[in-house]
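File shown here: work39.csv, holding CSV, C-alpha atoms and all ligand atoms.
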```csv
chain,number,residue,atom,x,y,z
A,1,MET,CA,99.5,119.7,118.9
A,2,ARG,CA,98.6,121.5,115.7
A,3,ILE,CA,101.3,123.0,113.5
A,4,LEU,CA,100.6,124.9,110.3
A,5,PHE,CA,102.9,124.9,107.3
A,6,VAL,CA,102.4,127.5,104.7
A,7,GLU,CA,104.3,127.1,101.4
A,8,LYS,CA,104.2,130.1,99.0
A,9,ALA,CA,105.5,128.6,95.8
A,10,PHE,CA,104.1,131.4,93.7
A,11,SER,CA,102.2,134.5,94.9
A,12,ALA,CA,99.0,133.1,93.4
A,13,ASN,CA,99.5,129.6,94.8
A,14,THR,CA,99.4,129.2,98.6
A,15,ILE,CA,99.4,125.6,99.9
A,16,ILE,CA,98.6,125.0,103.6
A,17,MET,CA,99.4,121.8,105.3
A,18,GLU,CA,98.8,120.9,109.0
A,19,VAL,CA,100.9,118.6,111.1
A,20,PHE,CA,99.3,116.8,114.1
A,21,SER,CA,100.9,114.8,116.8
A,22,THR,CA,97.7,113.6,118.6
A,23,ILE,CA,94.8,111.5,117.4
A,24,THR,CA,92.3,113.9,119.0
A,25,ALA,CA,93.5,117.0,117.1
A,26,LEU,CA,93.7,115.0,113.8
A,27,GLN,CA,90.2,113.7,114.3
A,28,ALA,CA,88.8,117.2,115.1
A,29,ALA,CA,90.1,118.4,111.8
A,30,LEU,CA,88.9,115.3,109.9
A,31,ALA,CA,85.4,115.6,111.5
A,32,GLU,CA,85.0,119.0,109.8
A,33,GLN,CA,86.1,117.7,106.5
A,34,LYS,CA,83.9,114.6,106.7
A,35,ALA,CA,80.9,116.7,107.8
A,36,ALA,CA,81.5,118.8,104.6
A,37,GLY,CA,81.3,115.6,102.6
A,38,LYS,CA,85.0,115.4,101.8
A,39,GLN,CA,86.6,112.0,100.8
A,40,VAL,CA,89.6,111.1,102.9
A,41,GLY,CA,92.7,109.2,101.7
A,42,LEU,CA,95.4,107.8,104.0
A,43,VAL,CA,99.0,107.0,103.2
A,44,PRO,CA,100.7,105.2,106.1
A,45,THR,CA,104.5,105.6,106.1
A,46,MET,CA,107.4,105.3,108.4
A,47,GLY,CA,108.9,108.5,107.0
A,48,ALA,CA,112.3,108.9,105.3
A,49,LEU,CA,110.2,109.6,102.3
A,50,HIS,CA,111.4,109.0,98.7
A,51,ALA,CA,109.8,109.1,95.3
A,52,GLY,CA,108.0,105.7,96.0
A,53,HIS,CA,106.1,107.3,98.9
A,54,LEU,CA,105.5,110.4,96.9
A,55,SER,CA,103.8,108.4,94.2
A,56,LEU,CA,101.4,107.0,96.8
A,57,VAL,CA,100.7,110.5,97.9
A,58,GLN,CA,100.2,111.5,94.3
A,59,HIS,CA,97.6,108.7,93.8
A,60,CYS,CA,95.9,109.7,97.0
A,61,VAL,CA,95.7,113.4,96.2
A,62,ALA,CA,94.3,112.6,92.8
A,63,GLU,CA,91.5,110.4,94.2
A,64,ASN,CA,90.5,112.2,97.4
A,65,ASP,CA,89.7,115.6,98.7
A,66,VAL,CA,91.8,115.2,101.8
A,67,THR,CA,95.2,113.4,102.0
A,68,VAL,CA,96.5,112.3,105.4
A,69,VAL,CA,100.1,111.0,105.5
A,70,SER,CA,101.1,109.3,108.7
A,71,VAL,CA,104.8,109.3,109.7
A,72,PHE,CA,105.6,106.9,112.5
A,73,VAL,CA,108.4,104.4,112.9
A,74,ASN,CA,106.4,101.6,114.4
A,75,PRO,CA,108.5,99.7,117.0
A,76,THR,CA,106.2,96.7,117.2
A,77,GLN,CA,106.9,95.6,113.6
A,78,PHE,CA,110.7,95.5,114.0
A,79,ASN,CA,111.9,92.0,114.9
A,80,ASP,CA,115.5,93.3,114.7
A,81,LYS,CA,116.4,96.0,117.3
A,82,ASN,CA,119.4,97.1,115.2
A,83,ASP,CA,117.1,97.7,112.2
A,84,LEU,CA,114.8,99.8,114.4
A,85,LEU,CA,117.8,101.7,115.8
A,86,HIS,CA,119.2,102.5,112.3
A,87,TYR,CA,115.9,103.3,110.6
A,88,PRO,CA,116.3,106.8,109.1
A,89,ARG,CA,114.2,109.5,110.8
A,90,THR,CA,113.9,112.7,108.7
A,91,LEU,CA,110.7,114.4,109.8
A,92,ASP,CA,111.6,118.0,108.8
A,93,LYS,CA,112.6,116.9,105.3
A,94,ASP,CA,109.5,114.7,105.1
A,95,VAL,CA,107.2,117.6,106.0
A,96,ALA,CA,108.8,119.8,103.4
A,97,LEU,CA,108.3,117.2,100.7
A,98,LEU,CA,104.7,116.6,101.7
A,99,THR,CA,103.9,120.3,101.6
A,100,LYS,CA,105.0,120.3,98.0
A,101,ALA,CA,103.2,117.1,97.2
A,102,GLY,CA,99.8,118.5,98.1
A,103,CYS,CA,99.2,116.6,101.4
A,104,THR,CA,96.5,118.1,103.6
A,105,TYR,CA,97.4,116.6,107.0
A,106,VAL,CA,100.6,115.0,108.4
A,107,PHE,CA,100.1,112.8,111.4
A,108,ALA,CA,103.4,112.3,113.2
A,109,PRO,CA,102.5,110.9,116.7
A,110,SER,CA,104.8,109.8,119.5
A,111,GLU,CA,105.2,106.2,120.6
A,112,GLU,CA,103.1,107.0,123.7
A,113,GLU,CA,100.3,108.4,121.5
A,114,MET,CA,100.0,105.2,119.5
A,115,TYR,CA,100.8,102.8,122.3
A,116,PRO,CA,99.5,104.4,125.6
A,117,GLU,CA,99.6,100.8,126.8
A,118,PRO,CA,101.2,97.7,125.2
A,119,ASP,CA,99.2,96.3,122.3
A,120,THR,CA,98.7,92.6,123.2
A,121,ARG,CA,96.5,91.8,120.2
A,122,GLN,CA,97.6,88.7,118.3
A,123,PHE,CA,96.4,88.4,114.7
A,124,ASP,CA,96.1,85.2,112.8
A,125,PHE,CA,96.5,85.6,109.0
A,126,SER,CA,97.6,82.1,108.2
A,127,PRO,CA,98.6,80.9,105.8
A,128,LEU,CA,99.5,84.4,104.4
A,129,ASP,CA,101.8,85.2,107.3
A,130,ASN,CA,103.7,81.9,107.7
A,131,VAL,CA,105.8,82.3,104.6
A,132,MET,CA,108.5,84.7,103.3
A,133,GLU,CA,108.7,87.9,105.4
A,134,GLY,CA,106.5,86.1,108.0
A,135,GLN,CA,108.9,83.2,108.2
A,136,PHE,CA,112.1,85.3,108.4
A,137,ARG,CA,110.7,88.3,110.4
A,138,PRO,CA,108.7,86.6,113.2
A,139,GLY,CA,106.1,89.0,114.7
A,140,HIS,CA,106.6,91.6,111.9
A,141,PHE,CA,103.2,91.3,110.4
A,142,ASN,CA,101.5,91.3,113.8
A,143,GLY,CA,103.2,94.6,114.5
A,144,VAL,CA,102.1,96.0,111.0
A,145,ALA,CA,98.5,94.9,111.7
A,146,GLN,CA,98.6,96.5,115.1
A,147,ILE,CA,99.7,99.9,113.8
A,148,VAL,CA,97.7,99.9,110.6
A,149,SER,CA,94.5,99.0,112.4
A,150,LYS,CA,95.1,101.8,114.9
A,151,LEU,CA,95.7,104.2,112.0
A,152,PHE,CA,92.6,103.0,110.2
A,153,MET,CA,90.5,103.4,113.3
A,154,ALA,CA,91.9,106.8,114.1
A,155,VAL,CA,91.4,108.2,110.6
A,156,ILE,CA,88.6,106.0,109.2
A,157,PRO,CA,89.8,106.9,105.6
A,158,ASP,CA,87.7,106.2,102.5
A,159,ARG,CA,90.9,104.8,100.9
A,160,ALA,CA,94.3,103.8,102.0
A,161,TYR,CA,97.4,103.5,99.8
A,162,PHE,CA,100.2,100.9,100.0
A,163,GLY,CA,103.2,100.2,97.7
A,164,GLU,CA,103.3,96.8,95.9
A,165,LYS,CA,107.0,96.5,96.8
A,166,ASP,CA,105.7,95.1,100.1
A,167,PHE,CA,103.6,92.6,98.2
A,168,GLN,CA,102.9,90.3,101.2
A,169,GLN,CA,102.1,93.3,103.4
A,170,VAL,CA,99.3,94.4,101.0
A,171,ALA,CA,97.8,90.9,101.2
A,172,ILE,CA,98.0,90.9,105.0
A,173,ILE,CA,96.5,94.3,105.4
A,174,ARG,CA,93.7,93.3,103.0
A,175,ARG,CA,93.0,90.3,105.2
A,176,MET,CA,93.2,92.4,108.4
A,177,THR,CA,90.7,94.9,107.0
A,178,GLN,CA,88.3,92.1,106.2
A,179,GLN,CA,88.8,90.5,109.6
A,180,LEU,CA,88.1,93.7,111.5
A,181,GLN,CA,85.4,94.7,109.0
A,182,LEU,CA,86.9,98.2,108.5
A,183,PRO,CA,85.2,100.3,105.8
A,184,VAL,CA,88.4,101.1,104.0
A,185,ILE,CA,89.2,100.6,100.3
A,186,LEU,CA,92.8,99.4,99.8
A,187,VAL,CA,94.6,100.9,96.8
A,188,PRO,CA,97.8,99.0,96.0
A,189,CYS,CA,100.2,101.2,93.9
A,190,PRO,CA,103.0,100.0,91.5
A,191,ILE,CA,106.6,99.7,92.6
A,192,VAL,CA,108.7,102.8,91.7
A,193,ARG,CA,112.2,101.9,90.5
A,194,GLU,CA,115.4,103.9,89.9
A,195,SER,CA,116.4,104.1,86.2
A,196,ASP,CA,118.8,101.1,86.8
A,197,GLY,CA,115.8,99.0,88.1
A,198,LEU,CA,116.5,99.1,91.9
A,199,ALA,CA,113.2,99.3,93.7
A,200,LEU,CA,113.0,102.5,95.8
A,201,SER,CA,113.3,101.9,99.6
A,202,SER,CA,114.3,104.0,102.6
A,203,ARG,CA,116.9,101.3,103.3
A,204,ASN,CA,118.8,102.1,100.0
A,205,ALA,CA,120.2,105.2,101.8
A,206,ARG,CA,122.2,102.7,104.0
A,207,LEU,CA,124.0,101.0,101.1
A,208,THR,CA,127.7,101.7,100.6
A,209,THR,CA,128.7,103.0,97.1
A,210,LYS,CA,129.8,99.5,96.1
A,211,GLN,CA,126.6,97.9,97.4
A,212,ARG,CA,124.5,100.6,95.7
A,213,ASN,CA,126.3,99.8,92.4
A,214,ASN,CA,125.5,96.0,92.8
A,215,ALA,CA,122.0,96.3,94.2
A,216,PRO,CA,120.3,96.8,90.8
A,217,ILE,CA,121.3,93.3,89.9
A,218,ILE,CA,118.5,92.1,92.1
A,219,ALA,CA,115.8,93.6,89.9
A,220,GLN,CA,117.7,93.0,86.7
A,221,THR,CA,118.0,89.3,87.6
A,222,LEU,CA,114.2,89.1,88.3
A,223,PHE,CA,113.3,90.7,85.0
A,224,GLU,CA,115.8,88.5,83.1
A,225,SER,CA,114.4,85.3,84.8
A,226,ARG,CA,111.0,86.1,83.3
A,227,LYS,CA,112.3,85.2,79.9
A,228,PHE,CA,112.8,81.6,81.0
A,229,VAL,CA,109.2,80.9,82.2
A,230,SER,CA,108.0,79.2,79.0
A,231,ASP,CA,111.1,76.8,78.8
A,232,TRP,CA,112.2,76.2,82.4
A,233,SER,CA,110.5,74.7,85.4
A,234,VAL,CA,109.5,76.8,88.4
A,235,ALA,CA,112.3,75.1,90.4
A,236,ASP,CA,114.9,75.9,87.7
A,237,VAL,CA,114.0,79.6,87.5
A,238,GLN,CA,114.1,79.8,91.3
A,239,LYS,CA,117.5,78.1,91.5
A,240,TRP,CA,118.9,80.3,88.7
A,241,VAL,CA,117.9,83.6,90.5
A,242,VAL,CA,119.3,82.5,93.8
A,243,GLU,CA,122.6,81.3,92.3
A,244,THR,CA,123.0,84.4,90.2
A,245,LEU,CA,122.5,86.7,93.1
A,246,ASN,CA,124.6,84.7,95.6
A,247,ALA,CA,127.5,84.9,93.2
A,248,VAL,CA,127.5,88.7,93.6
A,249,ASP,CA,130.1,90.1,96.0
A,250,ASP,CA,128.6,90.9,99.5
A,251,MET,CA,125.1,89.7,98.4
A,252,ARG,CA,123.1,86.9,100.1
A,253,VAL,CA,119.6,85.8,99.2
A,254,GLU,CA,117.5,85.2,102.3
A,255,TYR,CA,114.6,83.7,100.3
A,256,PHE,CA,113.2,83.8,96.7
A,257,ASP,CA,109.8,82.2,96.5
A,258,ILE,CA,107.6,81.9,93.4
A,259,VAL,CA,104.1,82.1,94.7
A,260,ASP,CA,100.4,82.1,93.9
A,261,GLY,CA,99.8,85.9,94.2
A,262,ASP,CA,96.5,85.4,96.1
A,263,THR,CA,97.4,82.7,98.6
A,264,LEU,CA,101.2,83.5,98.8
A,265,GLN,CA,101.9,79.7,98.8
A,266,THR,CA,104.8,78.4,96.7
A,267,ILE,CA,103.8,77.0,93.3
A,268,HIS,CA,105.5,74.0,91.7
A,269,ASP,CA,104.1,74.3,88.2
A,270,TRP,CA,103.5,77.4,86.1
A,271,ASN,CA,100.0,76.0,85.4
A,272,GLU,CA,98.9,76.0,89.0
A,273,CYS,CA,97.4,79.4,88.9
A,274,ASP,CA,97.3,82.5,86.6
A,275,PHE,CA,98.6,85.1,89.1
A,276,VAL,CA,102.2,84.2,89.8
A,277,VAL,CA,104.7,86.5,91.6
A,278,GLY,CA,108.4,86.0,92.5
A,279,CYS,CA,109.2,87.6,95.9
A,280,ILE,CA,112.7,88.1,97.1
A,281,ALA,CA,114.7,89.3,100.2
A,282,VAL,CA,118.4,89.9,99.7
A,283,PHE,CA,121.1,91.1,102.1
A,284,CYS,CA,123.5,93.6,100.6
A,285,GLY,CA,126.1,93.5,103.4
A,286,ASP,CA,123.8,94.0,106.4
A,287,VAL,CA,121.1,96.0,104.5
A,288,ARG,CA,118.1,93.8,103.8
A,289,LEU,CA,116.2,94.7,100.5
A,290,ILE,CA,113.0,93.2,99.2
A,291,ASP,CA,111.5,93.2,95.7
A,292,ASN,CA,109.0,91.3,93.7
A,293,LEU,CA,108.0,90.7,90.1
A,294,ARG,CA,104.9,89.3,88.5
A,295,TYR,CA,105.6,86.3,86.2
A,296,LEU,CA,102.1,85.5,85.1
B,1,LIG,O1,105.2,99.9,104.7
B,1,LIG,C1,105.5,100.6,105.7
B,1,LIG,O2,106.2,101.6,105.6
B,1,LIG,C2,105.0,100.2,107.1
B,1,LIG,O3,104.9,98.8,107.2
B,1,LIG,C3,103.6,100.8,107.4
B,1,LIG,C4,102.5,100.2,106.5
B,1,LIG,C5,103.6,102.3,107.3
B,1,LIG,C6,103.2,100.4,108.9
B,1,LIG,O4,104.1,100.9,109.8
```
Just give me the structure of the file as C-alpha cells.
Amino acid sequence: MRILFVEKAFSANTIIMEVFSTITALQAALAEQKAAGKQVGLVPTMGALHAGHLSLVQHCVAENDVTVVSVFVNPTQFNDKNDLLHYPRTLDKDVALLTKAGCTYVFAPSEEEMYPEPDTRQFDFSPLDNVMEGQFRPGHFNGVAQIVSKLFMAVIPDRAYFGEKDFQQVAIIRRMTQQLQLPVILVPCPIVRESDGLALSSRNARLTTKQRNNAPIIAQTLFESRKFVSDWSVADVQKWVVETLNAVDDMRVEYFDIVDGDTLQTIHDWNECDFVVGCIAVFCGDVRLIDNLRYL
C-alpha cells in the first residue's frame, strides 16, 4: 500500500511524504532514490512520537537526502504482555508530526508483514545483554535485534538513528550490526529532557498527575549524584541514588548500575575506566521508566 500525504504549510512550500505498509513498496521507492545516488537515513520507532523521536528525525533529515521513519510496535521485544497491550498507538498523529518534520517515507507495517512466520533467531550478545535491561526483561534484546535487523535488511540505510536514553540498546544494536556485517552507520543521539529534567518517553503519557510531578526526581537525583564522584566510592553513590528514589512515594528502583560504558559491566572503582555511565530503571506506580547519565 502506498499513501501520499501532502502538507501545504505555505503556498510556496509543499512537502510530500509517503506512507508504506509493505516492504516491497518501500523498497521500490528506495531503489529509485538509491539509483539517483541519494543517501538514506532510518529512524526506527514504535510510534507515539514525542520531541525525543523528532530530534532523531531532525538529525536524520540534516544528514541524509531521504529519511525513513518506521512505526511498528514490535511484539517480540515485550516480555510483559500488559506493557504491550497498553503501549500507545497513535499512527495518525505520528504521520502528521512526521510530515512537518521533513520525513520522506513512513514505514508502518502490520505484524504479518514483519513476521510472516515466527522469528526463531536467537542472538548472543553476552556479556552486554546479561545485565540491566537484559537481566530484568528476559528476551527483550533478542526481540529488538530481530526487528532492527529486519528493518536494516529491508531499508539498507546508510545511517540509522537511536536515542541514548536506551543506552544499552545502542550497545546491543552496535554489536548486532557487527555480527551480521550490515553496512549501516549507527548514529546515537543525546537524550531529550523536559525542562524539569524528566527524560522524554512514550511511557510518560501513562503517568498520573502525581507520578508525573514526582518523576523528574529520577533525573534530578542522577545529576545531583554526579557531584559526589570525587569524594564518594562507587558503592556509596549507587546506594545514595537508590535510597533517595525509593524514599519517594509510589517509586521503586528496579536497578541502578554504574557501568563501564563500553562493556556495560558494573565498575567498583572510579579509576577502572574513563567512560562511566549510571543506568537506572524505576517504577512510578506500574509505569517503568529508564534513564542514564554519564559520570566520567
Ligand atoms: O527504541 C525503540 O523504540 C525500539 O526498541 C526500536 C529500536 C524501534 C525497535 O522496536
task: Kindly compile the residues surrounding ligand LIG 1 (chain B) within 10 Å, counting all atoms listed in the file, and format them as a PyMOL selection string.
output: chain A and resi 43-49+53+69-78+140-141+143-149+151+161-167+169-170+173+201-202
task: Skip Asp65 of chain A itself and residues of its chain fewer than 4 positions away, then list as an MDAnalysis selection string all residues within 12 Å of it, counting only C-alpha atoms.
output: chainID A and resid 30 33:34 36:42 59:61 102:105 157:159
query: Between A:Asp80, A:Asp286, A:Asp129, A:Glu112, which one has atoms that come closest to Arg206 of chain A, using all atoms listed in the file?
result: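 Of A:Asp80, A:Asp286, A:Asp129, A:Glu112, the one nearest Arg206 of chain A, counting all atoms listed in the file, is A:Asp286.
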message: Quick check, in Å to one decimal: how far apart do atom CA of Arg89 of chain A and atom CA of Asn213 of chain A lie?
response: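 One can read the atom CA of Arg89 of chain A to atom CA of Asn213 of chain A distance as 24.1 Å.
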message: What's around Thr208 of chain A at 12 Å? Count only C-alpha atoms, leave out sequence neighbours fewer than 3 positions away in its own chain, and write the answer as a PyMOL selection string.
response: chain A and resi 203-205+211-215+250+284-287
For the residues in the current selection, export C-alpha atoms as a JSON list (two decimals), in the coordinates of the input.
```json
[["chain", "number", "residue", "atom", "x", "y", "z"],
["A", 203, "ARG", "CA", 116.90, 101.30, 103.30],
["A", 204, "ASN", "CA", 118.80, 102.10, 100.00],
["A", 205, "ALA", "CA", 120.20, 105.20, 101.80],
["A", 211, "GLN", "CA", 126.60, 97.90, 97.40],
["A", 212, "ARG", "CA", 124.50, 100.60, 95.70],
["A", 213, "ASN", "CA", 126.30, 99.80, 92.40],
["A", 214, "ASN", "CA", 125.50, 96.00, 92.80],
["A", 215, "ALA", "CA", 122.00, 96.30, 94.20],
["A", 250, "ASP", "CA", 128.60, 90.90, 99.50],
["A", 284, "CYS", "CA", 123.50, 93.60, 100.60],
["A", 285, "GLY", "CA", 126.10, 93.50, 103.40],
["A", 286, "ASP", "CA", 123.80, 94.00, 106.40],
["A", 287, "VAL", "CA", 121.10, 96.00, 104.50]]
```
Among listed residues A:Ile156, A:Ala51, A:Met251, A:Leu207, nearest Glu194 of chain A (using only C-alpha atoms): A:Ala51
task: Could you tell me how far atom CA of Leu91 of chain A lies from atom CA of Phe283 of chain A, in Å and to one decimal?
output: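 Atom-to-atom, atom CA of Leu91 of chain A to atom CA of Phe283 of chain A, that is 26.7 Å.
Shortest atom-to-atom contact with Ile16 of chain A among A:Ile3, A:Leu84, A:Ile172, A:Ile290: A:Ile3, counting only C-alpha atoms.
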So which residues touch Pro216 of chain A within 9 Å, counting all atoms listed in the file, skipping near sequence neighbours fewer than 6 positions away, as a short mmCIF file (atom, residue, chain, number, x, y, z; two decimals) with C-alpha atoms, in the coordinates of the input?
```cif
data_model
loop_
_atom_site.label_atom_id
_atom_site.label_comp_id
_atom_site.auth_asym_id
_atom_site.auth_seq_id
_atom_site.Cartn_x
_atom_site.Cartn_y
_atom_site.Cartn_z
CA GLU A 194 115.40 103.90 89.90
CA ASP A 196 118.80 101.10 86.80
CA GLY A 197 115.80 99.00 88.10
CA LEU A 198 116.50 99.10 91.90
CA ALA A 199 113.20 99.30 93.70
#
```
Once all heavy atoms are restored for segment 208-219 of chain A, what would the output be as a compact mmCIF listing (two decimals), in the coordinates of the input?
```txt
# COMPACT_ATOMS: atom_id res chain seq x y z
N THR A 208 126.43 101.09 100.93
CA THR A 208 127.70 101.70 100.60
C THR A 208 127.69 101.95 99.06
O THR A 208 126.83 101.39 98.35
CB THR A 208 128.89 100.80 100.93
OG1 THR A 208 128.76 99.62 100.12
CG2 THR A 208 128.91 100.42 102.40
N THR A 209 128.65 102.72 98.57
CA THR A 209 128.70 103.00 97.10
C THR A 209 128.78 101.66 96.35
O THR A 209 128.08 101.47 95.34
CB THR A 209 129.92 103.87 96.79
OG1 THR A 209 129.85 105.00 97.65
CG2 THR A 209 129.94 104.31 95.35
N LYS A 210 129.61 100.75 96.85
CA LYS A 210 129.80 99.50 96.10
C LYS A 210 128.47 98.66 96.18
O LYS A 210 128.04 98.10 95.16
CB LYS A 210 130.92 98.69 96.79
CG LYS A 210 131.32 97.47 96.02
CD LYS A 210 132.57 96.85 96.60
CE LYS A 210 132.66 95.41 96.09
NZ LYS A 210 133.19 94.50 97.09
N GLN A 211 127.84 98.62 97.34
CA GLN A 211 126.60 97.90 97.40
C GLN A 211 125.50 98.52 96.56
O GLN A 211 124.72 97.82 95.93
CB GLN A 211 126.10 97.86 98.90
CG GLN A 211 126.95 96.98 99.80
CD GLN A 211 126.72 97.27 101.27
OE1 GLN A 211 126.08 98.25 101.64
NE2 GLN A 211 127.27 96.42 102.13
N ARG A 212 125.49 99.86 96.54
CA ARG A 212 124.50 100.60 95.70
C ARG A 212 124.71 100.23 94.22
O ARG A 212 123.76 100.09 93.45
CB ARG A 212 124.58 102.08 95.94
CG ARG A 212 123.72 102.92 95.00
CD ARG A 212 122.23 102.63 95.20
NE ARG A 212 121.38 103.25 94.18
CZ ARG A 212 121.15 102.75 92.97
NH1 ARG A 212 121.70 101.60 92.58
NH2 ARG A 212 120.36 103.38 92.13
N ASN A 213 126.00 100.11 93.83
CA ASN A 213 126.30 99.80 92.40
C ASN A 213 125.84 98.35 92.09
O ASN A 213 125.42 98.07 90.97
CB ASN A 213 127.79 99.91 92.13
CG ASN A 213 128.20 101.37 92.12
OD1 ASN A 213 127.36 102.25 91.93
ND2 ASN A 213 129.48 101.65 92.35
N ASN A 214 125.93 97.45 93.08
CA ASN A 214 125.50 96.00 92.80
C ASN A 214 124.03 95.80 92.98
O ASN A 214 123.49 94.88 92.35
CB ASN A 214 126.26 95.12 93.84
CG ASN A 214 127.71 94.90 93.44
OD1 ASN A 214 128.07 95.11 92.29
ND2 ASN A 214 128.53 94.49 94.40
N ALA A 215 123.37 96.62 93.81
CA ALA A 215 122.00 96.30 94.20
C ALA A 215 121.00 96.21 92.97
O ALA A 215 120.08 95.39 93.02
CB ALA A 215 121.47 97.39 95.16
N PRO A 216 121.20 96.99 91.88
CA PRO A 216 120.30 96.80 90.80
C PRO A 216 120.24 95.45 90.14
O PRO A 216 119.28 95.09 89.46
CB PRO A 216 120.78 97.86 89.72
CG PRO A 216 121.61 98.82 90.49
CD PRO A 216 122.16 98.08 91.67
N ILE A 217 121.28 94.66 90.43
CA ILE A 217 121.30 93.30 89.90
C ILE A 217 120.13 92.48 90.38
O ILE A 217 119.68 91.56 89.70
CB ILE A 217 122.68 92.60 90.24
CG1 ILE A 217 123.83 93.41 89.64
CG2 ILE A 217 122.72 91.16 89.76
CD1 ILE A 217 125.21 92.94 90.08
N ILE A 218 119.61 92.85 91.54
CA ILE A 218 118.50 92.10 92.10
C ILE A 218 117.29 92.21 91.10
O ILE A 218 116.76 91.19 90.63
CB ILE A 218 118.03 92.66 93.47
CG1 ILE A 218 119.19 92.57 94.46
CG2 ILE A 218 116.80 91.93 94.00
CD1 ILE A 218 118.96 93.36 95.74
N ALA A 219 116.90 93.44 90.77
CA ALA A 219 115.80 93.60 89.90
C ALA A 219 116.11 93.12 88.46
O ALA A 219 115.28 92.48 87.80
CB ALA A 219 115.38 95.10 89.80
```
